[in-house]
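**Student:** Next comes the structure file entry-v4.pdb, holding PDB, C-alpha atoms.
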ATOM      1  CA  MET E   1     116.015  74.119 158.472
ATOM      2  CA  LYS E   2     113.719  72.372 160.956
ATOM      3  CA  PHE E   3     110.030  73.080 160.967
ATOM      4  CA  GLY E   4     108.528  74.259 164.230
ATOM      5  CA  ARG E   5     108.152  77.154 166.503
ATOM      6  CA  ALA E   6     111.830  77.299 167.315
ATOM      7  CA  VAL E   7     112.211  80.087 164.782
ATOM      8  CA  ALA E   8     110.099  82.914 166.072
ATOM      9  CA  ALA E   9     108.263  85.299 163.812
ATOM     10  CA  ALA E  10     110.104  88.260 165.257
ATOM     11  CA  ALA E  11     113.452  86.729 164.393
ATOM     12  CA  LEU E  12     112.321  86.007 160.866
ATOM     13  CA  LEU E  13     111.122  89.503 160.240
ATOM     14  CA  ALA E  14     114.153  91.057 161.891
ATOM     15  CA  ALA E  15     116.313  89.088 159.473
ATOM     16  CA  VAL E  16     114.556  90.422 156.389
ATOM     17  CA  THR E  17     117.495  92.641 155.557
ATOM     18  CA  ALA E  18     119.677  89.541 155.304
ATOM     19  CA  CYS E  19     117.581  88.094 152.478
ATOM     20  CA  GLY E  20     119.050  88.459 149.022
ATOM     21  CA  SER E  21     121.252  91.498 148.676
ATOM     22  CA  GLY E  22     119.134  93.340 151.244
ATOM     23  CA  ALA E  23     115.491  94.269 151.625
ATOM     24  CA  THR E  24     114.108  97.759 151.685
ATOM     25  CA  THR E  25     110.752  99.137 152.727
ATOM     26  CA  ALA E  26     108.844 101.416 150.394
ATOM     27  CA  GLU E  27     107.053 104.493 151.656
ATOM     28  CA  GLY E  28     103.472 103.850 152.648
ATOM     29  CA  GLY E  29     103.764 100.100 153.351
ATOM     30  CA  GLY E  30     101.210  99.233 156.001
ATOM     31  CA  GLY E  31     100.314  95.552 155.893
ATOM     32  CA  GLY E  32      96.865  94.135 155.236
ATOM     33  CA  LYS E  33      94.903  90.972 154.652
ATOM     34  CA  VAL E  34      96.528  88.069 152.811
ATOM     35  CA  GLY E  35      94.313  85.953 150.583
ATOM     36  CA  ILE E  36      95.433  82.407 149.781
ATOM     37  CA  ASP E  37      94.216  79.870 147.257
ATOM     38  CA  HIS E  38      95.267  76.238 147.627
ATOM     39  CA  PRO E  39      95.679  74.359 144.339
ATOM     40  CA  ARG E  40      94.183  70.972 145.238
ATOM     41  CA  ALA E  41      93.319  68.609 148.072
ATOM     42  CA  ASP E  42      93.821  65.257 146.319
ATOM     43  CA  SER E  43      97.566  65.018 146.967
ATOM     44  CA  ASP E  44      99.333  64.036 150.171
ATOM     45  CA  PHE E  45     101.947  66.703 149.503
ATOM     46  CA  TRP E  46      99.423  69.511 149.097
ATOM     47  CA  ASN E  47      97.377  68.348 152.059
ATOM     48  CA  SER E  48     100.540  68.583 154.166
ATOM     49  CA  TYR E  49     101.202  72.082 152.844
ATOM     50  CA  ILE E  50      97.609  73.097 153.634
ATOM     51  CA  LYS E  51      98.048  71.942 157.249
ATOM     52  CA  TYR E  52     101.218  73.993 157.642
ATOM     53  CA  VAL E  53      99.649  77.243 156.396
ATOM     54  CA  PRO E  54      97.598  78.264 159.477
ATOM     55  CA  GLN E  55     100.463  77.271 161.790
ATOM     56  CA  MET E  56     102.872  79.482 159.872
ATOM     57  CA  ALA E  57     100.377  82.330 159.672
ATOM     58  CA  GLU E  58     100.098  82.302 163.460
ATOM     59  CA  GLU E  59     103.889  82.202 163.893
ATOM     60  CA  LEU E  60     104.472  85.081 161.517
ATOM     61  CA  GLY E  61     101.524  87.182 162.601
ATOM     62  CA  VAL E  62      99.971  87.174 159.131
ATOM     63  CA  ASP E  63      96.439  88.505 158.756
ATOM     64  CA  LEU E  64      95.350  85.452 156.759
ATOM     65  CA  MET E  65      91.900  85.269 155.202
ATOM     66  CA  PRO E  66      89.972  81.959 155.021
ATOM     67  CA  ALA E  67      91.601  79.900 152.283
ATOM     68  CA  THR E  68      89.980  78.914 149.017
ATOM     69  CA  ASN E  69      90.783  75.813 146.938
ATOM     70  CA  SER E  70      90.777  75.876 143.138
ATOM     71  CA  GLN E  71      90.891  72.073 142.779
ATOM     72  CA  ASN E  72      93.361  72.086 139.885
ATOM     73  CA  ASP E  73      90.980  74.273 137.837
ATOM     74  CA  VAL E  74      92.225  77.595 136.443
ATOM     75  CA  ALA E  75      88.693  78.973 136.103
ATOM     76  CA  LYS E  76      88.078  78.300 139.804
ATOM     77  CA  LEU E  77      91.407  79.891 140.642
ATOM     78  CA  VAL E  78      90.403  83.073 138.826
ATOM     79  CA  ASN E  79      87.000  83.154 140.528
ATOM     80  CA  ASN E  80      88.553  82.489 143.942
ATOM     81  CA  VAL E  81      91.114  85.242 143.526
ATOM     82  CA  GLN E  82      88.473  87.733 142.432
ATOM     83  CA  ALA E  83      86.396  86.803 145.473
ATOM     84  CA  LEU E  84      89.378  87.294 147.777
ATOM     85  CA  ILE E  85      90.014  90.711 146.256
ATOM     86  CA  GLY E  86      86.365  91.621 146.805
ATOM     87  CA  GLN E  87      86.767  90.652 150.456
ATOM     88  CA  GLY E  88      89.708  92.996 150.919
ATOM     89  CA  ALA E  89      92.843  90.970 150.147
ATOM     90  CA  LYS E  90      95.934  93.172 149.789
ATOM     91  CA  VAL E  91      98.242  90.293 148.775
ATOM     92  CA  ILE E  92      97.445  87.004 147.025
ATOM     93  CA  VAL E  93      99.230  83.687 147.559
ATOM     94  CA  MET E  94      98.496  81.101 144.876
ATOM     95  CA  ALA E  95      99.943  77.914 143.382
ATOM     96  CA  PRO E  96      98.731  77.796 139.754
ATOM     97  CA  GLN E  97      98.993  74.266 138.367
ATOM     98  CA  ASP E  98      98.693  75.439 134.761
ATOM     99  CA  THR E  99     101.422  78.067 134.714
ATOM    100  CA  GLY E 100     100.635  79.232 131.195
ATOM    101  CA  ALA E 101      96.989  80.057 131.861
ATOM    102  CA  VAL E 102      97.212  82.647 134.627
ATOM    103  CA  ALA E 103      98.661  85.610 132.728
ATOM    104  CA  ASN E 104      95.335  87.463 132.564
ATOM    105  CA  ILE E 105      94.537  87.245 136.270
ATOM    106  CA  LEU E 106      98.108  88.271 137.101
ATOM    107  CA  GLN E 107      97.701  91.306 134.853
ATOM    108  CA  GLN E 108      94.468  92.198 136.653
ATOM    109  CA  LEU E 109      96.224  91.940 140.002
ATOM    110  CA  GLU E 110      99.114  94.088 138.784
ATOM    111  CA  ASN E 111      96.633  96.710 137.582
ATOM    112  CA  LYS E 112      95.103  96.751 141.061
ATOM    113  CA  LYS E 113      98.590  96.950 142.631
ATOM    114  CA  ILE E 114      98.021  93.685 144.504
ATOM    115  CA  PRO E 115     101.284  91.704 144.882
ATOM    116  CA  VAL E 116     101.308  87.970 144.137
ATOM    117  CA  VAL E 117     103.355  85.233 145.801
ATOM    118  CA  SER E 118     103.365  82.018 143.765
ATOM    119  CA  VAL E 119     104.103  78.775 145.622
ATOM    120  CA  ASP E 120     105.747  75.727 144.022
ATOM    121  CA  THR E 121     105.057  76.912 140.472
ATOM    122  CA  ARG E 122     106.403  79.826 138.461
ATOM    123  CA  PRO E 123     103.878  81.529 136.151
ATOM    124  CA  ASP E 124     105.114  81.669 132.568
ATOM    125  CA  LYS E 125     103.954  85.284 132.185
ATOM    126  CA  GLY E 126     102.578  87.953 134.486
ATOM    127  CA  LYS E 127     104.249  89.879 137.288
ATOM    128  CA  VAL E 128     104.959  88.116 140.581
ATOM    129  CA  TYR E 129     106.353  89.623 143.768
ATOM    130  CA  MET E 130     108.075  86.359 144.685
ATOM    131  CA  VAL E 131     107.999  82.727 143.603
ATOM    132  CA  VAL E 132     108.649  80.283 146.447
ATOM    133  CA  ARG E 133     109.808  76.934 145.105
ATOM    134  CA  ALA E 134     112.801  74.658 144.886
ATOM    135  CA  ASP E 135     114.964  74.168 141.800
ATOM    136  CA  ASN E 136     112.766  71.721 139.894
ATOM    137  CA  ARG E 137     115.409  71.094 137.247
ATOM    138  CA  ALA E 138     117.595  69.794 140.054
ATOM    139  CA  TYR E 139     114.803  67.294 140.869
ATOM    140  CA  GLY E 140     115.044  65.781 137.396
ATOM    141  CA  THR E 141     118.832  65.754 137.442
ATOM    142  CA  LYS E 142     119.007  64.079 140.860
ATOM    143  CA  ALA E 143     116.508  61.424 139.755
ATOM    144  CA  CYS E 144     118.493  60.789 136.561
ATOM    145  CA  GLU E 145     121.790  60.457 138.399
ATOM    146  CA  PHE E 146     120.299  58.094 140.963
ATOM    147  CA  LEU E 147     118.689  55.764 138.418
ATOM    148  CA  GLY E 148     121.597  55.990 135.984
ATOM    149  CA  GLU E 149     124.025  54.827 138.629
ATOM    150  CA  LYS E 150     121.721  52.079 139.949
ATOM    151  CA  LEU E 151     121.241  50.706 136.407
ATOM    152  CA  GLY E 152     124.916  50.960 135.563
ATOM    153  CA  GLY E 153     124.157  53.231 132.623
ATOM    154  CA  LYS E 154     122.135  50.602 130.715
ATOM    155  CA  GLY E 155     118.505  49.515 130.457
ATOM    156  CA  LYS E 156     115.034  51.037 130.336
ATOM    157  CA  VAL E 157     113.229  53.471 132.634
ATOM    158  CA  VAL E 158     109.778  55.041 132.768
ATOM    159  CA  GLN E 159     109.273  58.700 133.624
ATOM    160  CA  LEU E 160     105.777  59.358 135.003
ATOM    161  CA  GLN E 161     105.550  63.051 134.208
ATOM    162  CA  GLY E 162     103.277  65.618 135.773
ATOM    163  CA  SER E 163     101.520  68.096 133.511
ATOM    164  CA  LEU E 164     103.662  69.619 130.788
ATOM    165  CA  GLY E 165     101.405  72.673 131.050
ATOM    166  CA  SER E 166     103.150  73.287 134.377
ATOM    167  CA  ILE E 167     106.647  74.724 134.658
ATOM    168  CA  ASN E 168     107.337  72.055 137.277
ATOM    169  CA  GLY E 169     106.420  69.222 134.952
ATOM    170  CA  ARG E 170     108.502  70.728 132.167
ATOM    171  CA  ASP E 171     111.517  71.458 134.377
ATOM    172  CA  ARG E 172     111.615  67.972 135.890
ATOM    173  CA  SER E 173     111.038  66.247 132.569
ATOM    174  CA  GLU E 174     113.511  68.264 130.522
ATOM    175  CA  ALA E 175     116.273  68.027 133.121
ATOM    176  CA  PHE E 176     115.768  64.263 133.494
ATOM    177  CA  LEU E 177     115.918  63.728 129.733
ATOM    178  CA  ASP E 178     118.873  66.076 129.247
ATOM    179  CA  CYS E 179     120.838  64.298 131.973
ATOM    180  CA  MET E 180     120.017  60.842 130.591
ATOM    181  CA  LYS E 181     121.032  61.849 127.059
ATOM    182  CA  THR E 182     124.290  63.404 128.222
ATOM    183  CA  ARG E 183     125.403  61.098 131.020
ATOM    184  CA  PHE E 184     123.623  57.798 130.400
ATOM    185  CA  PRO E 185     123.023  57.406 126.650
ATOM    186  CA  GLY E 186     122.693  53.644 127.092
ATOM    187  CA  ILE E 187     119.412  54.067 128.986
ATOM    188  CA  THR E 188     116.100  54.229 127.100
ATOM    189  CA  VAL E 189     113.501  56.550 128.651
ATOM    190  CA  PHE E 190     109.746  56.186 128.173
ATOM    191  CA  SER E 191     108.017  59.447 129.160
ATOM    192  CA  GLU E 192     104.340  59.347 130.138
ATOM    193  CA  PRO E 193     102.431  62.635 130.735
ATOM    194  CA  THR E 194     100.007  61.862 133.579
ATOM    195  CA  GLU E 195      98.655  65.405 134.147
ATOM    196  CA  TRP E 196      99.379  64.796 137.878
ATOM    197  CA  GLU E 197      96.642  62.123 137.920
ATOM    198  CA  GLY E 198      97.153  58.825 139.710
ATOM    199  CA  THR E 199      94.733  56.833 137.560
ATOM    200  CA  LYS E 200      96.550  57.879 134.387
ATOM    201  CA  ALA E 201      99.872  57.020 135.980
ATOM    202  CA  ALA E 202      98.682  53.509 136.856
ATOM    203  CA  SER E 203      97.314  52.869 133.373
ATOM    204  CA  MET E 204     100.428  54.167 131.610
ATOM    205  CA  LEU E 205     102.817  52.251 133.859
ATOM    206  CA  GLN E 206     100.784  49.060 133.436
ATOM    207  CA  THR E 207     100.961  49.363 129.657
ATOM    208  CA  ARG E 208     104.681  50.131 129.595
ATOM    209  CA  LEU E 209     105.522  47.166 131.822
ATOM    210  CA  GLU E 210     103.464  44.856 129.611
ATOM    211  CA  GLN E 211     105.245  46.114 126.503
ATOM    212  CA  ASN E 212     108.680  46.224 128.147
ATOM    213  CA  PRO E 213     108.950  43.681 130.966
ATOM    214  CA  ASP E 214     112.678  44.463 131.241
ATOM    215  CA  ILE E 215     112.084  47.984 132.583
ATOM    216  CA  LYS E 216     114.344  48.489 135.612
ATOM    217  CA  GLY E 217     113.697  52.070 136.737
ATOM    218  CA  ILE E 218     110.805  54.473 137.366
ATOM    219  CA  TYR E 219     110.878  58.212 138.033
ATOM    220  CA  LEU E 220     107.762  59.641 139.708
ATOM    221  CA  HIS E 221     107.322  63.388 139.237
ATOM    222  CA  ALA E 222     105.042  63.569 142.285
ATOM    223  CA  GLY E 223     104.900  60.974 145.018
ATOM    224  CA  GLY E 224     101.741  62.568 146.370
ATOM    225  CA  VAL E 225      99.750  61.365 143.367
ATOM    226  CA  HIS E 226     102.045  58.763 141.763
ATOM    227  CA  LEU E 227     103.296  56.656 144.678
ATOM    228  CA  ALA E 228     100.182  54.660 145.570
ATOM    229  CA  PRO E 229      99.254  53.705 141.978
ATOM    230  CA  THR E 230     102.871  52.790 141.211
ATOM    231  CA  LEU E 231     103.101  50.492 144.223
ATOM    232  CA  GLN E 232      99.761  48.941 143.307
ATOM    233  CA  VAL E 233     100.870  48.147 139.762
ATOM    234  CA  LEU E 234     104.209  46.739 140.911
ATOM    235  CA  LYS E 235     102.463  44.573 143.506
ATOM    236  CA  GLN E 236      99.983  43.232 140.962
ATOM    237  CA  LYS E 237     102.860  42.205 138.706
ATOM    238  CA  GLY E 238     104.874  40.605 141.494
ATOM    239  CA  LEU E 239     107.563  43.273 141.180
ATOM    240  CA  LEU E 240     107.238  44.896 144.602
ATOM    241  CA  VAL E 241     110.317  43.128 145.956
ATOM    242  CA  PRO E 242     113.347  44.189 148.055
ATOM    243  CA  PRO E 243     116.303  45.978 146.423
ATOM    244  CA  ASP E 244     118.491  42.847 146.598
ATOM    245  CA  ASP E 245     115.961  40.823 144.552
ATOM    246  CA  PRO E 246     116.886  40.631 140.831
ATOM    247  CA  LYS E 247     113.277  41.560 139.944
ATOM    248  CA  HIS E 248     113.447  44.842 141.885
ATOM    249  CA  ILE E 249     112.640  47.952 139.883
ATOM    250  CA  PHE E 250     114.447  51.011 141.187
ATOM    251  CA  VAL E 251     112.055  53.884 141.940
ATOM    252  CA  VAL E 252     112.932  57.513 142.659
ATOM    253  CA  SER E 253     110.209  60.007 143.452
ATOM    254  CA  ASN E 254     109.600  63.683 144.228
ATOM    255  CA  ASP E 255     107.813  65.217 147.250
ATOM    256  CA  GLY E 256     109.212  63.843 150.512
ATOM    257  CA  ILE E 257     105.872  62.857 152.042
ATOM    258  CA  PRO E 258     105.780  60.413 154.998
ATOM    259  CA  GLN E 259     104.381  57.665 152.753
ATOM    260  CA  GLU E 260     107.461  57.844 150.533
ATOM    261  CA  PHE E 261     109.747  57.633 153.553
ATOM    262  CA  GLU E 262     107.904  54.556 154.787
ATOM    263  CA  SER E 263     108.225  52.956 151.345
ATOM    264  CA  ILE E 264     111.967  53.657 151.360
ATOM    265  CA  ARG E 265     112.280  52.008 154.784
ATOM    266  CA  LYS E 266     110.377  48.967 153.477
ATOM    267  CA  GLY E 267     112.552  48.750 150.375
ATOM    268  CA  GLU E 268     109.585  49.336 148.053
ATOM    269  CA  ILE E 269     111.099  52.482 146.535
ATOM    270  CA  ASP E 270     114.655  53.682 146.700
ATOM    271  CA  ALA E 271     114.747  57.482 146.898
ATOM    272  CA  THR E 272     112.795  60.713 146.785
ATOM    273  CA  VAL E 273     113.587  64.404 146.569
ATOM    274  CA  SER E 274     112.170  66.155 149.630
ATOM    275  CA  GLN E 275     110.144  69.089 148.364
ATOM    276  CA  PRO E 276     109.812  71.293 151.462
ATOM    277  CA  ALA E 277     106.077  71.626 152.165
ATOM    278  CA  ASP E 278     106.807  73.289 155.499
ATOM    279  CA  LEU E 279     109.149  75.885 154.025
ATOM    280  CA  TYR E 280     106.784  76.514 151.124
ATOM    281  CA  ALA E 281     104.099  77.505 153.621
ATOM    282  CA  LYS E 282     106.499  79.462 155.828
ATOM    283  CA  TYR E 283     108.135  81.562 153.139
ATOM    284  CA  ALA E 284     104.999  82.034 151.053
ATOM    285  CA  LEU E 285     103.460  83.799 154.036
ATOM    286  CA  TYR E 286     106.723  85.470 155.014
ATOM    287  CA  TYR E 287     106.981  87.112 151.591
ATOM    288  CA  ALA E 288     103.246  87.860 151.526
ATOM    289  CA  LYS E 289     103.593  89.794 154.773
ATOM    290  CA  ALA E 290     106.708  91.523 153.455
ATOM    291  CA  ALA E 291     104.810  92.534 150.308
ATOM    292  CA  ALA E 292     101.939  93.928 152.365
ATOM    293  CA  GLU E 293     104.452  95.994 154.328
ATOM    294  CA  GLY E 294     106.042  97.382 151.167
ATOM    295  CA  LYS E 295     109.364  95.554 151.451
ATOM    296  CA  THR E 296     111.392  94.692 148.361
ATOM    297  CA  PHE E 297     114.168  92.147 147.762
ATOM    298  CA  GLU E 298     117.174  91.680 145.524
ATOM    299  CA  PRO E 299     118.772  88.548 144.030
ATOM    300  CA  GLY E 300     121.369  86.791 146.158
ATOM    301  CA  PRO E 301     121.825  84.311 149.025
ATOM    302  CA  THR E 302     119.338  84.360 151.889
ATOM    303  CA  ASP E 303     119.608  83.681 155.617
ATOM    304  CA  HIS E 304     117.698  80.395 155.210
ATOM    305  CA  ASP E 305     120.049  78.371 152.981
ATOM    306  CA  SER E 306     118.459  79.386 149.698
ATOM    307  CA  THR E 307     119.126  81.770 146.838
ATOM    308  CA  ILE E 308     116.886  84.432 145.341
ATOM    309  CA  ILE E 309     117.212  84.560 141.559
ATOM    310  CA  GLN E 310     115.957  87.100 139.035
ATOM    311  CA  LEU E 311     113.131  86.048 136.702
ATOM    312  CA  PRO E 312     111.840  87.901 133.647
ATOM    313  CA  ASN E 313     108.632  88.559 135.603
ATOM    314  CA  GLY E 314     109.830  88.833 139.194
ATOM    315  CA  LEU E 315     111.993  87.030 141.751
ATOM    316  CA  GLU E 316     112.236  83.411 142.880
ATOM    317  CA  ASP E 317     113.472  82.090 146.224
ATOM    318  CA  GLN E 318     114.875  78.644 145.477
ATOM    319  CA  LEU E 319     114.590  76.625 148.677
ATOM    320  CA  PRO E 320     116.746  73.547 149.385
ATOM    321  CA  ALA E 321     115.364  70.092 148.436
ATOM    322  CA  PRO E 322     117.636  67.186 149.449
ATOM    323  CA  LEU E 323     117.703  63.674 147.996
ATOM    324  CA  VAL E 324     116.445  61.130 150.537
ATOM    325  CA  THR E 325     117.570  57.487 150.470
ATOM    326  CA  LYS E 326     117.748  54.674 153.039
ATOM    327  CA  GLU E 327     120.917  56.320 154.362
ATOM    328  CA  ASN E 328     119.205  59.516 155.539
ATOM    329  CA  VAL E 329     115.489  58.677 155.567
ATOM    330  CA  ASP E 330     115.315  58.890 159.368
ATOM    331  CA  ASP E 331     116.790  62.407 159.523
ATOM    332  CA  LYS E 332     114.513  64.280 161.925
ATOM    333  CA  ALA E 333     115.173  67.565 160.099
ATOM    334  CA  LEU E 334     113.170  66.360 157.085
ATOM    335  CA  TRP E 335     109.626  67.705 157.150
ATOM    336  CA  GLY E 336     108.262  64.277 156.176
ATOM    337  CA  ASN E 337     109.477  62.972 159.540
ATOM    338  CA  GLN E 338     107.723  65.771 161.401
ATOM    339  CA  ALA E 339     104.351  65.756 159.648
ATOM    340  CA  GLN E 340     101.491  64.324 161.670
TER     341      GLN E 340
END
As structure tokens, please, write out the structure in this file.
**Tutor:**
Amino acid sequence: MKFGRAVAAAALLAAVTACGSGATTAEGGGGGKVGIDHPRADSDFWNSYIKYVPQMAEELGVDLMPATNSQNDVAKLVNNVQALIGQGAKVIVMAPQDTGAVANILQQLENKKIPVVSVDTRPDKGKVYMVVRADNRAYGTKACEFLGEKLGGKGKVVQLQGSLGSINGRDRSEAFLDCMKTRFPGITVFSEPTEWEGTKAASMLQTRLEQNPDIKGIYLHAGGVHLAPTLQVLKQKGLLVPPDDPKHIFVVSNDGIPQEFESIRKGEIDATVSQPADLYAKYALYYAKAAAEGKTFEPGPTDHDSTIIQLPNGLEDQLPAPLVTKENVDDKALWGNQAQ
């Protein structure tokens, strides 16, 4: 789906009954203010998402409160959410980076009957109205298949993981390892938990390349924080060479930011999974407004090429996230080609 104003808010809301197995409106639903907490501002992906939010709020007619930013700190997230509640928020949109540490605040919100929309990450415990994310296990599987085929099923690869305290980090890591073990047992994987930090990624990659100069593949869990340090390390070691050079190390990333696309065009990296920052913002606010109006949803296919699935603690709308290579990197439908 293309980002832009071509899809009007009225059309989106009129199509609510097409989402899942049908949406219904509870008695007494009347809308209200939507509070939103951004998770960080040190990632190109999240900065893109942050820019989309006010645009989408205007399109959808969401009564959006001034955003807060928890800066990858659960304590700040809790404080920000409590402040938003005190200012009259009727729905909360958040993106907790530590998905195991938000159970208490989610319980508080449930007690106050304040619905929660979680973006990009799925809380391990605690009730959520809707999770808006893509299938992160598919990210790891796509990365595995790409590298496995490029390496011919043999060799060594490094996986620069995010935080394993995050469901996203765990999903991507576990799926990548499961796929490698099952489909490419001849490939050795070195997994490095970076906690979504670029400096850690650079240090860990530097060490692994020194210990294993025959490494031929790298999987970046998050291009927004891992791309620049990876390119820097490869350049320092004289390994930032075109794909047809025998010294080339194949790199597949996650995010779909413009910087990754430019690196693919240059031949510096080879692929990325486009995590839809535009659709994350759009449907986070779409479901927040629906929650404020008392609408409910059921599992099933949606009208926007995704599927709502049932979770133990709520529902999740799994948005599409395509693999991007040199063959389709110039596709204008990709949000990374539309971001300013």
**Student:** On this file, the PyMOL selection byres ((chain E and resi 75) around 12) gives some set of residues; write that set as an MDAnalysis selection string.
**Tutor:** chainID E and resid 39 69:74 76:82 96:98 101:102 104:105
**Student:** Considering all atoms listed in the file, can you say which of E:Ser43, E:Asn328, E:Thr68, E:Gln310 comes closest to Leu84 in chain E?
**Tutor:**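 Counting all atoms listed in the file, the residue closest to Leu84 in chain E is E:Thr68.
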**Student:** Which residues, written as number ranges by chain, have at least one atom at most 7 Å from Asp255 in chain E, with only C-alpha atoms counted and residues fewer than 5 positions away on the same chain left out?
**Tutor:** E: 45, 222-224, 272-275
**Student:** Report the residues retrieved by the PyMOL selection byres ((chain E and resi 248) around 10) from the displayed file, expressed as number ranges by chain.
**Tutor:** E: 215-217, 234, 238-247, 249-251, 267-269
**Student:** Choose the residue, out of E:Glu174, E:Asp135, E:Glu110, E:Asp278, that has the smallest atom-to-atom separation from Tyr49 in chain E; count all atoms listed in the file.
**Tutor:**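 So, comparing all the options, the nearest one is E:Asp278.
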**Student:** In Å, rounded to a single decimal, give me how far CA of Thr194 in chain E is from CA of Asn212 in chain E.
**Tutor:**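 For CA of Asn212 in chain E relative to CA of Thr194 in chain E, the distance reads 18.7 Å.
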**Student:** Pick out the closest residue to Ala95 in chain E from this set: E:Gly152, E:Leu64, E:Asn168, E:Gly162. Count only C-alpha atoms.
**Tutor:**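 The answer is E:Asn168, which sits nearest to Ala95 in chain E.
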**Student:** Starting from the incomplete input, reconstruct all heavy atoms of range 164-170 of chain E and report them as a CSV table (one decimal), keeping the file's coordinate frame.
**Tutor:**
chain,number,residue,atom,x,y,z
E,164,LEU,N,102.7,68.8,131.5
E,164,LEU,CA,103.7,69.6,130.8
E,164,LEU,C,103.1,71.0,130.6
E,164,LEU,O,103.8,71.9,130.0
E,164,LEU,CB,104.0,68.9,129.5
E,164,LEU,CG,104.7,67.6,129.6
E,164,LEU,CD1,105.1,67.0,128.3
E,164,LEU,CD2,105.9,67.6,130.6
E,165,GLY,N,101.9,71.3,131.0
E,165,GLY,CA,101.4,72.7,131.0
E,165,GLY,C,101.9,73.4,132.3
E,165,GLY,O,101.7,74.6,132.4
E,166,SER,N,102.6,72.7,133.2
E,166,SER,CA,103.2,73.3,134.4
E,166,SER,C,104.7,73.4,134.2
E,166,SER,O,105.3,72.5,133.7
E,166,SER,CB,102.8,72.4,135.6
E,166,SER,OG,103.7,72.6,136.7
E,167,ILE,N,105.2,74.5,134.7
E,167,ILE,CA,106.6,74.7,134.7
E,167,ILE,C,107.4,73.6,135.4
E,167,ILE,O,108.4,73.2,135.1
E,167,ILE,CB,107.0,76.1,135.2
E,167,ILE,CG1,108.5,76.4,135.0
E,167,ILE,CG2,106.6,76.3,136.7
E,167,ILE,CD1,109.0,76.5,133.6
E,168,ASN,N,106.7,73.1,136.5
E,168,ASN,CA,107.3,72.1,137.3
E,168,ASN,C,107.5,70.8,136.5
E,168,ASN,O,108.5,70.1,136.5
E,168,ASN,CB,106.5,71.8,138.6
E,168,ASN,CG,106.7,72.9,139.6
E,168,ASN,OD1,107.4,73.8,139.4
E,168,ASN,ND2,106.0,72.8,140.7
E,169,GLY,N,106.4,70.4,135.8
E,169,GLY,CA,106.4,69.2,135.0
E,169,GLY,C,107.5,69.3,133.9
E,169,GLY,O,108.2,68.4,133.6
E,170,ARG,N,107.5,70.5,133.2
E,170,ARG,CA,108.5,70.7,132.2
E,170,ARG,C,109.9,70.7,132.7
E,170,ARG,O,110.8,70.1,132.1
E,170,ARG,CB,108.2,72.1,131.5
E,170,ARG,CG,106.9,72.1,130.7
E,170,ARG,CD,106.8,73.2,129.7
E,170,ARG,NE,107.0,74.5,130.3
E,170,ARG,CZ,106.0,75.3,130.8
E,170,ARG,NH1,104.8,74.8,130.8
E,170,ARG,NH2,106.2,76.5,131.2
